[in-house]
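A.B. asks: Next comes target14.txt, compact mmCIF, C-alpha atoms and all ligand atoms:
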```
# COMPACT_ATOMS: atom_id res chain seq x y z
CA MET A 1 -2.11 46.73 38.96
CA ARG A 2 0.98 47.03 36.78
CA THR A 3 2.15 43.60 37.91
CA LEU A 4 -1.26 42.19 37.12
CA ILE A 5 -1.16 43.55 33.55
CA ALA A 6 2.38 42.26 33.08
CA ALA A 7 1.38 38.84 34.36
CA THR A 8 -1.66 38.75 32.09
CA LEU A 9 0.43 39.74 29.10
CA LEU A 10 2.93 37.03 29.93
CA LEU A 11 0.19 34.46 30.15
CA LEU A 12 -1.46 35.46 26.90
CA PRO A 13 0.81 33.66 24.44
CA ILE A 14 0.64 30.52 26.55
CA ALA A 15 -3.13 30.60 26.62
CA ALA A 16 -3.23 31.18 22.86
CA THR A 17 -0.91 28.27 22.17
CA ALA A 18 -2.89 26.00 24.43
CA GLN A 19 -6.09 26.93 22.66
CA GLN A 20 -4.57 26.29 19.24
CA ALA A 21 -3.28 22.93 20.37
CA LYS A 22 -6.79 22.02 21.46
CA THR A 23 -8.42 22.89 18.17
CA ARG A 24 -5.66 21.51 15.94
CA PRO A 25 -6.52 18.01 14.72
CA SER A 26 -3.92 15.63 16.10
CA THR A 27 -2.94 14.47 12.62
CA MET A 28 -3.75 15.20 9.00
CA PHE A 29 -2.65 13.47 5.83
CA VAL A 30 -3.31 14.69 2.27
CA MET A 31 -2.28 13.15 -1.06
CA HIS A 32 -2.51 13.77 -4.80
CA GLY A 33 -2.20 11.29 -7.62
CA GLY A 34 -1.68 13.75 -10.44
CA ALA A 35 -3.70 16.39 -12.29
CA GLY A 36 -4.75 16.78 -15.92
CA THR A 37 -7.60 16.15 -18.32
CA ILE A 38 -9.42 13.80 -16.00
CA THR A 39 -13.18 13.98 -16.59
CA ARG A 40 -16.15 11.71 -15.99
CA LYS A 41 -16.34 11.28 -19.78
CA THR A 42 -12.80 9.93 -20.06
CA MET A 43 -13.18 7.53 -17.13
CA THR A 44 -14.90 4.14 -16.93
CA PRO A 45 -16.52 3.14 -13.62
CA GLU A 46 -13.98 0.29 -13.34
CA MET A 47 -11.02 2.64 -13.75
CA GLU A 48 -12.50 5.10 -11.30
CA LYS A 49 -12.90 2.37 -8.71
CA GLN A 50 -9.29 1.25 -9.18
CA TYR A 51 -8.02 4.80 -8.65
CA ARG A 52 -10.22 5.35 -5.61
CA ASP A 53 -9.14 2.06 -4.05
CA ALA A 54 -5.45 2.78 -4.61
CA MET A 55 -5.75 6.28 -3.17
CA GLU A 56 -7.63 4.93 -0.14
CA THR A 57 -4.99 2.27 0.49
CA ALA A 58 -2.22 4.88 0.33
CA LEU A 59 -4.13 7.29 2.59
CA LYS A 60 -4.73 4.56 5.15
CA THR A 61 -1.06 3.55 5.01
CA GLY A 62 0.03 7.09 5.84
CA ASN A 63 -2.62 7.51 8.50
CA ALA A 64 -1.76 4.24 10.25
CA ILE A 65 1.75 5.57 10.83
CA LEU A 66 0.51 8.93 12.10
CA ALA A 67 -2.10 7.28 14.37
CA LYS A 68 0.64 5.24 16.07
CA GLY A 69 2.57 8.44 16.79
CA GLY A 70 4.93 7.95 13.81
CA THR A 71 6.53 10.89 12.04
CA SER A 72 5.07 12.85 9.15
CA LEU A 73 8.19 11.92 7.14
CA ASP A 74 7.60 8.20 7.62
CA ALA A 75 3.94 8.60 6.67
CA VAL A 76 4.78 10.52 3.49
CA GLU A 77 7.44 8.01 2.41
CA ALA A 78 5.31 4.91 3.12
CA ALA A 79 2.19 6.22 1.36
CA ILE A 80 4.12 7.37 -1.71
CA ARG A 81 5.72 3.91 -1.92
CA VAL A 82 2.23 2.41 -2.17
CA LEU A 83 1.41 4.57 -5.22
CA GLU A 84 4.88 4.03 -6.71
CA ASP A 85 4.17 0.30 -6.64
CA SER A 86 0.79 0.78 -8.35
CA PRO A 87 0.85 0.77 -12.18
CA LEU A 88 -2.01 3.30 -12.19
CA PHE A 89 0.15 6.29 -11.31
CA ASN A 90 3.01 8.00 -13.09
CA ALA A 91 5.59 7.18 -10.41
CA GLY A 92 7.67 4.05 -9.88
CA LYS A 93 5.90 1.21 -11.72
CA GLY A 94 3.60 2.95 -14.19
CA ALA A 95 5.99 5.81 -14.92
CA VAL A 96 5.70 7.41 -18.35
CA PHE A 97 8.30 6.97 -21.10
CA THR A 98 10.87 9.41 -22.42
CA HIS A 99 11.12 10.13 -26.15
CA GLU A 100 13.71 7.35 -26.33
CA GLY A 101 11.38 4.84 -24.69
CA LYS A 102 13.00 4.83 -21.23
CA ASN A 103 11.67 5.48 -17.74
CA GLU A 104 13.56 8.20 -15.89
CA LEU A 105 12.24 8.88 -12.42
CA ASP A 106 12.42 11.91 -10.10
CA ALA A 107 11.48 12.24 -6.41
CA SER A 108 12.00 14.47 -3.41
CA ILE A 109 11.10 14.71 0.27
CA MET A 110 11.36 17.50 2.85
CA ASP A 111 11.20 17.64 6.63
CA GLY A 112 9.33 20.71 7.89
CA LYS A 113 10.93 20.51 11.34
CA THR A 114 14.58 20.68 10.29
CA ARG A 115 14.05 21.85 6.69
CA LYS A 116 16.37 19.08 5.62
CA ALA A 117 15.58 17.69 2.18
CA GLY A 118 16.58 14.92 -0.20
CA ALA A 119 16.01 14.29 -3.89
CA VAL A 120 16.92 12.02 -6.77
CA ALA A 121 16.59 12.83 -10.47
CA GLY A 122 16.70 10.79 -13.65
CA VAL A 123 17.01 7.39 -11.96
CA THR A 124 16.19 4.23 -13.88
CA ILE A 125 16.72 1.20 -11.60
CA ILE A 126 15.53 2.23 -8.13
CA ARG A 127 12.18 0.60 -7.40
CA ASN A 128 11.07 3.30 -4.95
CA PRO A 129 12.64 6.66 -5.77
CA ILE A 130 10.98 8.33 -2.74
CA SER A 131 13.04 6.10 -0.44
CA ALA A 132 16.19 7.03 -2.35
CA ALA A 133 15.31 10.71 -1.82
CA ARG A 134 14.87 9.97 1.89
CA ALA A 135 18.27 8.22 1.97
CA VAL A 136 19.92 11.24 0.33
CA MET A 137 18.40 13.41 3.06
CA ASP A 138 19.19 11.12 5.98
CA LYS A 139 22.45 9.49 4.95
CA SER A 140 24.36 11.92 2.76
CA LYS A 141 25.41 15.53 3.18
CA HIS A 142 23.74 16.48 -0.09
CA VAL A 143 20.23 17.47 -1.11
CA MET A 144 20.04 16.12 -4.67
CA MET A 145 21.76 13.27 -6.50
CA ALA A 146 21.15 12.45 -10.16
CA GLY A 147 21.44 9.55 -12.59
CA ARG A 148 24.10 6.92 -12.13
CA GLY A 149 25.51 8.49 -8.96
CA ALA A 150 22.11 8.41 -7.28
CA GLU A 151 21.71 4.78 -8.37
CA LEU A 152 25.10 3.79 -6.94
CA PHE A 153 24.23 5.55 -3.71
CA ALA A 154 20.84 3.83 -3.47
CA THR A 155 22.50 0.46 -4.12
CA LYS A 156 25.02 1.12 -1.34
CA MET A 157 22.20 2.10 1.00
CA GLY A 158 20.58 -1.28 0.43
CA LEU A 159 17.51 -0.02 -1.45
CA GLU A 160 15.72 -2.35 -3.83
CA ILE A 161 17.24 -2.28 -7.32
CA VAL A 162 15.25 -3.53 -10.32
CA ASP A 163 15.88 -4.08 -14.01
CA PRO A 164 14.69 -1.03 -16.02
CA SER A 165 12.08 -3.32 -17.63
CA TYR A 166 10.28 -3.46 -14.26
CA PHE A 167 8.87 0.00 -15.04
CA TRP A 168 7.45 -1.00 -18.44
CA THR A 169 3.65 -0.93 -18.64
CA GLU A 170 1.59 -1.32 -21.77
CA ARG A 171 -0.62 1.66 -21.06
CA ARG A 172 2.31 4.10 -20.79
CA TRP A 173 4.05 2.54 -23.78
CA LYS A 174 0.93 3.08 -25.88
CA ALA A 175 0.72 6.67 -24.65
CA LEU A 176 4.25 7.29 -25.90
CA GLN A 177 3.52 5.71 -29.29
CA GLN A 178 0.46 7.93 -29.60
CA GLU A 179 2.47 11.03 -28.81
CA LEU A 180 5.22 10.04 -31.22
CA LEU A 181 2.68 9.63 -34.01
CA GLN A 182 0.98 12.93 -33.42
CA GLU A 183 3.88 14.83 -31.97
CA GLU A 184 2.51 18.20 -32.91
CA ALA A 185 -1.11 17.41 -32.10
CA THR A 186 -2.59 18.74 -28.91
CA GLU A 187 -3.25 15.64 -26.89
CA PRO A 188 -5.32 15.98 -23.72
CA LYS A 189 -2.75 16.24 -21.00
CA LYS A 190 -2.73 13.76 -18.18
CA PHE A 191 -0.18 13.79 -15.47
CA GLY A 192 -0.25 11.23 -12.65
CA THR A 193 2.60 12.20 -10.41
CA VAL A 194 2.04 11.31 -6.77
CA GLY A 195 2.59 13.42 -3.68
CA ALA A 196 1.82 13.59 0.02
CA VAL A 197 1.84 16.13 2.83
CA ALA A 198 1.46 15.17 6.48
CA LEU A 199 1.07 16.64 9.95
CA ASP A 200 2.06 14.33 12.81
CA LYS A 201 1.12 14.28 16.50
CA GLU A 202 4.25 16.28 17.36
CA GLY A 203 3.05 19.06 15.04
CA ASN A 204 5.72 18.40 12.42
CA LEU A 205 5.01 18.81 8.72
CA ALA A 206 6.57 16.86 5.82
CA ALA A 207 6.10 16.75 2.05
CA GLY A 208 7.13 14.37 -0.72
CA THR A 209 6.62 13.96 -4.48
CA SER A 210 7.48 11.18 -6.94
CA THR A 211 7.12 11.05 -10.73
CA GLY A 212 8.11 9.58 -14.04
CA GLY A 213 7.97 13.11 -15.48
CA THR A 214 6.13 13.82 -18.72
CA THR A 215 5.47 11.44 -21.64
CA ASN A 216 7.88 11.93 -24.53
CA LYS A 217 10.25 14.11 -22.49
CA GLN A 218 13.76 14.53 -23.87
CA TYR A 219 16.63 12.57 -22.37
CA GLY A 220 17.97 14.17 -19.24
CA ARG A 221 14.91 16.39 -18.78
CA ILE A 222 14.22 17.02 -15.10
CA GLY A 223 10.87 18.39 -13.94
CA ASP A 224 9.80 20.21 -10.80
CA SER A 225 9.13 17.13 -8.66
CA PRO A 226 12.70 16.62 -7.38
CA ILE A 227 13.33 20.35 -7.02
CA ILE A 228 12.87 21.68 -3.51
CA GLY A 229 10.84 24.88 -3.68
CA ALA A 230 9.33 23.99 -7.07
CA GLY A 231 7.52 20.65 -6.69
CA THR A 232 8.02 20.04 -2.96
CA TYR A 233 8.43 22.19 0.13
CA ALA A 234 7.87 21.86 3.89
CA ASP A 235 8.42 24.21 6.80
CA ASN A 236 6.76 23.82 10.20
CA ALA A 237 6.41 27.60 10.40
CA THR A 238 4.19 27.72 7.33
CA VAL A 239 3.07 24.82 5.14
CA ALA A 240 3.92 21.54 3.44
CA VAL A 241 3.33 21.49 -0.34
CA SER A 242 3.49 18.89 -3.12
CA CYS A 243 2.75 19.79 -6.75
CA THR A 244 1.76 18.12 -9.99
CA GLY A 245 1.50 19.49 -13.51
CA ASP A 246 3.67 21.07 -16.23
CA GLY A 247 7.02 20.88 -14.46
CA GLU A 248 8.68 23.60 -16.49
CA TYR A 249 6.15 26.18 -15.29
CA PHE A 250 6.35 25.00 -11.70
CA ILE A 251 10.13 25.44 -11.78
CA ARG A 252 9.93 28.90 -13.32
CA LEU A 253 7.47 30.06 -10.66
CA SER A 254 9.03 28.22 -7.69
CA VAL A 255 5.45 27.18 -7.02
CA ALA A 256 5.83 25.26 -3.75
CA ARG A 257 8.02 27.88 -2.11
CA ASP A 258 5.86 30.71 -3.49
CA ILE A 259 2.79 29.24 -1.79
CA ALA A 260 4.74 28.99 1.49
CA ALA A 261 6.05 32.54 1.07
CA LEU A 262 2.52 33.95 0.67
CA VAL A 263 1.54 32.25 3.93
CA GLU A 264 4.72 33.47 5.61
CA TYR A 265 4.93 37.06 4.41
CA LYS A 266 1.32 37.92 3.63
CA GLY A 267 -0.39 35.84 6.29
CA MET A 268 -2.58 34.14 3.68
CA THR A 269 -4.54 30.99 4.46
CA VAL A 270 -3.66 27.75 2.64
CA LYS A 271 -6.61 28.30 0.33
CA GLN A 272 -5.74 31.91 -0.49
CA ALA A 273 -2.08 31.12 -1.11
CA GLY A 274 -2.85 27.99 -3.14
CA ASP A 275 -5.40 29.82 -5.30
CA GLU A 276 -3.13 32.82 -5.83
CA VAL A 277 -0.35 30.67 -7.24
CA ILE A 278 -2.19 27.80 -8.96
CA MET A 279 -5.34 29.53 -10.21
CA LYS A 280 -3.74 32.90 -11.01
CA LYS A 281 0.03 33.04 -11.45
CA LEU A 282 0.46 29.56 -12.94
CA LYS A 283 -2.57 29.89 -15.19
CA GLU A 284 -1.51 33.31 -16.46
CA LEU A 285 1.86 31.89 -17.47
CA GLY A 286 0.15 29.02 -19.30
CA GLY A 287 0.92 26.24 -16.82
CA GLU A 288 -1.54 23.48 -15.96
CA GLY A 289 -1.67 21.50 -12.73
CA GLY A 290 -2.34 21.60 -9.02
CA ALA A 291 -0.95 21.30 -5.53
CA ILE A 292 -1.79 20.04 -2.08
CA VAL A 293 -1.09 22.45 0.76
CA LEU A 294 -1.25 21.68 4.51
CA ASP A 295 -0.48 24.01 7.41
CA HIS A 296 0.63 23.25 10.96
CA ASN A 297 -2.95 23.62 12.23
CA GLY A 298 -4.17 20.87 9.91
CA ASN A 299 -5.88 23.24 7.45
CA PHE A 300 -5.42 22.10 3.89
CA ALA A 301 -6.26 23.07 0.31
CA THR A 302 -6.09 21.15 -2.97
CA PRO A 303 -6.17 23.81 -5.74
CA PHE A 304 -5.90 22.78 -9.40
CA ASN A 305 -6.51 24.61 -12.66
CA SER A 306 -6.87 21.46 -14.79
CA GLU A 307 -10.03 19.43 -15.43
CA GLY A 308 -9.31 17.11 -12.54
CA MET A 309 -6.83 15.97 -9.94
CA TYR A 310 -6.74 12.70 -8.02
CA ARG A 311 -6.70 13.85 -4.42
CA GLY A 312 -7.63 12.63 -0.98
CA TRP A 313 -7.26 13.24 2.72
CA ILE A 314 -7.61 11.41 5.99
CA GLY A 315 -7.76 12.89 9.47
CA ALA A 316 -7.52 11.43 12.95
CA ASP A 317 -10.95 9.76 12.54
CA GLY A 318 -9.33 7.41 10.00
CA VAL A 319 -11.98 7.91 7.31
CA PRO A 320 -10.40 8.35 3.85
CA HIS A 321 -11.90 10.86 1.40
CA VAL A 322 -11.06 10.72 -2.30
CA GLU A 323 -12.04 13.19 -5.03
CA ILE A 324 -11.17 13.22 -8.72
CA TYR A 325 -13.16 15.73 -10.75
CA LYS A 326 -13.72 19.45 -10.58
CA GLU A 327 -17.26 19.23 -9.26
N1 LIG B 1 5.33 17.72 -12.56
C1 LIG B 1 5.79 16.53 -13.23
C2 LIG B 1 6.93 16.87 -14.14
O1 LIG B 1 6.85 17.86 -14.82
C3 LIG B 1 4.73 15.86 -14.03
C4 LIG B 1 3.44 15.58 -13.29
O2 LIG B 1 3.11 16.23 -12.32
O3 LIG B 1 2.74 14.67 -13.71
O4 LIG B 1 7.85 16.10 -14.21
```
Would it be possible to restate this file's structure as structure tokens?
Ligand code: ASP
C.D. replies:
Amino acid sequence: MRTLIAATLLLLPIAATAQQAKTRPSTMFVMHGGAGTITRKTMTPEMEKQYRDAMETALKTGNAILAKGGTSLDAVEAAIRVLEDSPLFNAGKGAVFTHEGKNELDASIMDGKTRKAGAVAGVTIIRNPISAARAVMDKSKHVMMAGRGAELFATKMGLEIVDPSYFWTERRWKALQQELLQEEATEPKKFGTVGAVALDKEGNLAAGTSTGGTTNKQYGRIGDSPIIGAGTYADNATVAVSCTGDGEYFIRLSVARDIAALVEYKGMTVKQAGDEVIMKKLKELGGEGGAIVLDHNGNFATPFNSEGMYRGWIGADGVPHVEIYKE
């Protein structure tokens, strides 16, 4: 009898794991394209279609990699590159301007399996900052490189280098001029950072974020997006997170890591942990924005305390879903 109980106990964890593996979707991919004052009123049908199309293309790009058995890291990097190349989003081409009229870009990526991470901050000539972040992770012994050093490193690694004027877009230039004119006025805030979290067939999580920061930021200002634990975090044991919003608040609250910690220490679900940090702690401090959160079972949440957040997901069925507004 005793042997029987012992044998049953031994078998239990195996049975539980097997059951989880059965119910876990084989892959899951979730993205955001920034949060802020995004309402039906402020959007034309043409603009909305452009955003939806771009999000769908990026989601499908990530999913195609996962469907072939590619890694969550590759999916995150490839999909973020798509949105970095789109002038619609505040990352890569389409990045916002600093007070001085420059584009200074930040990005980071994290591997949930190894908890290795890479980031670049304040770069001005790297076409795809997310790939530079990946190179820092894969090909250097560091986690973050900034400014000219990061640019030299990216050049050496063979990444595509562009003239700073590549990042100039009329829409973002106008936004800066508007802010300069009414510096003290309370403009509706729009972000537009991009981020992705992925779960691959091997059960590995990854997260990445890329941004131009905030319009009219001071020279040298770095937001949360390239900071591991603030704007980006991934750990197979808990969740992958990518954030968007007022970077200063996300840094002060270590938002991405805080969400993971609530899952880890309090056993919260992705929704509970995301809501606790984004809808409560961040809001109470006065910070606006959102996050995408994905766990190793494929459960995900997309909490935001702003009017809207470009967001979308695609599972193993390959059907992309995109949402923009609160309701
Ligand atoms: N979080 C970014 C930053 O503060 C901005 C954004 O999400 O749009 O740099």
A.B. asks: How would you write, as a VMD selection string, the set of residues no farther than 9 Å from ligand LIG 1 (chain B) when counting all atoms listed in the file?
C.D. replies: chain A and resid 33 to 36 90 to 91 105 to 106 190 to 194 209 to 215 217 221 to 226 231 243 to 251 289 to 290
A.B. asks: When you look at Lys201 in chain A with a cut-off of 7 Å (counting only C-alpha atoms), what residues show up, excluding the ones that are within fewer than 2 positions of it in the same chain? I need them as a PyMOL selection string.
C.D. replies: chain A and resi 26-27+66+69+199+203
A.B. asks: To one decimal place in Å, what is the distance between CA of His99 in chain A and CA of Arg40 in chain A?
C.D. replies: 29.1 Å
A.B. asks: Hey, can you check how far CA of Gly220 in chain A sits from CA of Glu104 in chain A?
C.D. replies: 8.1 Å
A.B. asks: Using all atoms listed in the file for the distances, tell me which of A:Ala132, A:Asn236, A:Trp168, A:Pro45 is nearest to Glu202 in chain A.
C.D. replies: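 For Glu202 in chain A, the nearest of the given residues is A:Asn236.
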A.B. asks: So how far away is CA of Ala107 in chain A from CA of Ala150 in chain A, in Å?
C.D. replies: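 Between CA of Ala150 in chain A and CA of Ala107 in chain A the gap works out to 11.3 Å.
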A.B. asks: Using only C-alpha atoms, can you tell me which of A:Thr71, A:Val96, A:Phe29, A:Ile324 comes closest to Lys113 in chain A?
C.D. replies: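 Closest to Lys113 in chain A, using only C-alpha atoms: A:Thr71.
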A.B. asks: Excluding Gln177 in chain A and its own-chain neighbours fewer than 5 positions away, which residues fall within 9 Å of it when counting only C-alpha atoms? Please give them as number ranges by chain.
C.D. replies: A: 172, 182, 216
A.B. asks: Given the choices A:Arg252, A:Ala273, A:Gly315, A:Lys93, which gets closest to Gly287 in chain A if the distance is worked out from all atoms listed in the file?
C.D. replies: A:Arg252
A.B. asks: Which of these, A:Met268, A:Leu176, A:Val239, A:Val322, has the shortest distance to Lys102 in chain A once you count all atoms listed in the file?
C.D. replies: A:Leu176
A.B. asks: Nearest residue to Ala234 in chain A out of A:Leu152, A:Met110, A:Ala117, A:Glu56, using only C-alpha atoms?
C.D. replies: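 Answer, going by the shortest atom-to-atom distance: A:Met110.
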A.B. asks: Which is closest to Leu285 in chain A among A:Glu100, A:Leu253, A:Ile259, A:Thr124, if we use all atoms listed in the file?
C.D. replies: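 Between A:Glu100, A:Leu253, A:Ile259, A:Thr124, the residue approaching Leu285 in chain A most closely is A:Leu253.
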A.B. asks: Return as AutoDock Vina command-line options the centre and edge lengths, in Å with one decimal, of the box along x, y and z that encloses every atom of range 164-173 of chain A in the file, padded by 5 Å per side.
C.D. replies:
```
--center_x 7.0 --center_y 0.3 --center_z -19.0 --size_x 25.3 --size_y 17.6 --size_z 19.5
```
A.B. asks: Using all atoms listed in the file, collect all residues at a distance of at most 12 Å from (-6.9, 6.4, 5.9) as written in the file, then present them as JSON, numbers by chain.
C.D. replies: {"A": [27, 28, 29, 30, 31, 53, 54, 55, 56, 57, 58, 59, 60, 61, 62, 63, 64, 65, 66, 67, 75, 79, 312, 313, 314, 315, 316, 317, 318, 319, 320, 321, 322]}
A.B. asks: Starting from the sparse input, extend range 109-120 of chain A to N, CA, C and O atoms and give the output as an mmCIF file, in the frame of the given file.
C.D. replies:
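out-v5.cif, freshly written:
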```
data_model
loop_
_atom_site.group_PDB
_atom_site.id
_atom_site.type_symbol
_atom_site.label_atom_id
_atom_site.label_comp_id
_atom_site.auth_asym_id
_atom_site.auth_seq_id
_atom_site.Cartn_x
_atom_site.Cartn_y
_atom_site.Cartn_z
ATOM 1 N N ILE A 109 11.794 14.728 -1.021
ATOM 2 C CA ILE A 109 11.100 14.710 0.270
ATOM 3 C C ILE A 109 11.692 15.826 1.131
ATOM 4 O O ILE A 109 12.866 16.172 0.980
ATOM 5 N N MET A 110 10.845 16.426 1.986
ATOM 6 C CA MET A 110 11.360 17.500 2.850
ATOM 7 C C MET A 110 10.743 17.432 4.233
ATOM 8 O O MET A 110 9.550 17.167 4.386
ATOM 9 N N ASP A 111 11.578 17.673 5.223
ATOM 10 C CA ASP A 111 11.200 17.640 6.630
ATOM 11 C C ASP A 111 10.926 19.071 7.112
ATOM 12 O O ASP A 111 11.843 19.900 7.122
ATOM 13 N N GLY A 112 9.680 19.351 7.494
ATOM 14 C CA GLY A 112 9.330 20.710 7.890
ATOM 15 C C GLY A 112 9.957 21.137 9.211
ATOM 16 O O GLY A 112 10.081 22.331 9.479
ATOM 17 N N LYS A 113 10.358 20.183 10.026
ATOM 18 C CA LYS A 113 10.930 20.510 11.340
ATOM 19 C C LYS A 113 12.353 21.037 11.198
ATOM 20 O O LYS A 113 12.707 22.071 11.752
ATOM 21 N N THR A 114 13.160 20.322 10.424
ATOM 22 C CA THR A 114 14.580 20.680 10.290
ATOM 23 C C THR A 114 14.855 21.403 8.977
ATOM 24 O O THR A 114 15.933 21.953 8.793
ATOM 25 N N ARG A 115 13.907 21.372 8.073
ATOM 26 C CA ARG A 115 14.050 21.850 6.690
ATOM 27 C C ARG A 115 15.213 21.149 5.977
ATOM 28 O O ARG A 115 15.850 21.718 5.106
ATOM 29 N N LYS A 116 15.442 19.912 6.393
ATOM 30 C CA LYS A 116 16.370 19.080 5.620
ATOM 31 C C LYS A 116 15.574 18.517 4.435
ATOM 32 O O LYS A 116 14.353 18.344 4.538
ATOM 33 N N ALA A 117 16.276 18.215 3.354
ATOM 34 C CA ALA A 117 15.580 17.690 2.180
ATOM 35 C C ALA A 117 16.471 16.728 1.422
ATOM 36 O O ALA A 117 17.696 16.754 1.562
ATOM 37 N N GLY A 118 15.832 15.867 0.632
ATOM 38 C CA GLY A 118 16.580 14.920 -0.200
ATOM 39 C C GLY A 118 15.863 14.728 -1.509
ATOM 40 O O GLY A 118 14.628 14.801 -1.565
ATOM 41 N N ALA A 119 16.640 14.477 -2.585
ATOM 42 C CA ALA A 119 16.010 14.290 -3.890
ATOM 43 C C ALA A 119 16.880 13.437 -4.804
ATOM 44 O O ALA A 119 18.108 13.416 -4.664
ATOM 45 N N VAL A 120 16.206 12.728 -5.706
ATOM 46 C CA VAL A 120 16.920 12.020 -6.770
ATOM 47 C C VAL A 120 16.288 12.406 -8.103
ATOM 48 O O VAL A 120 15.083 12.677 -8.168
#
```
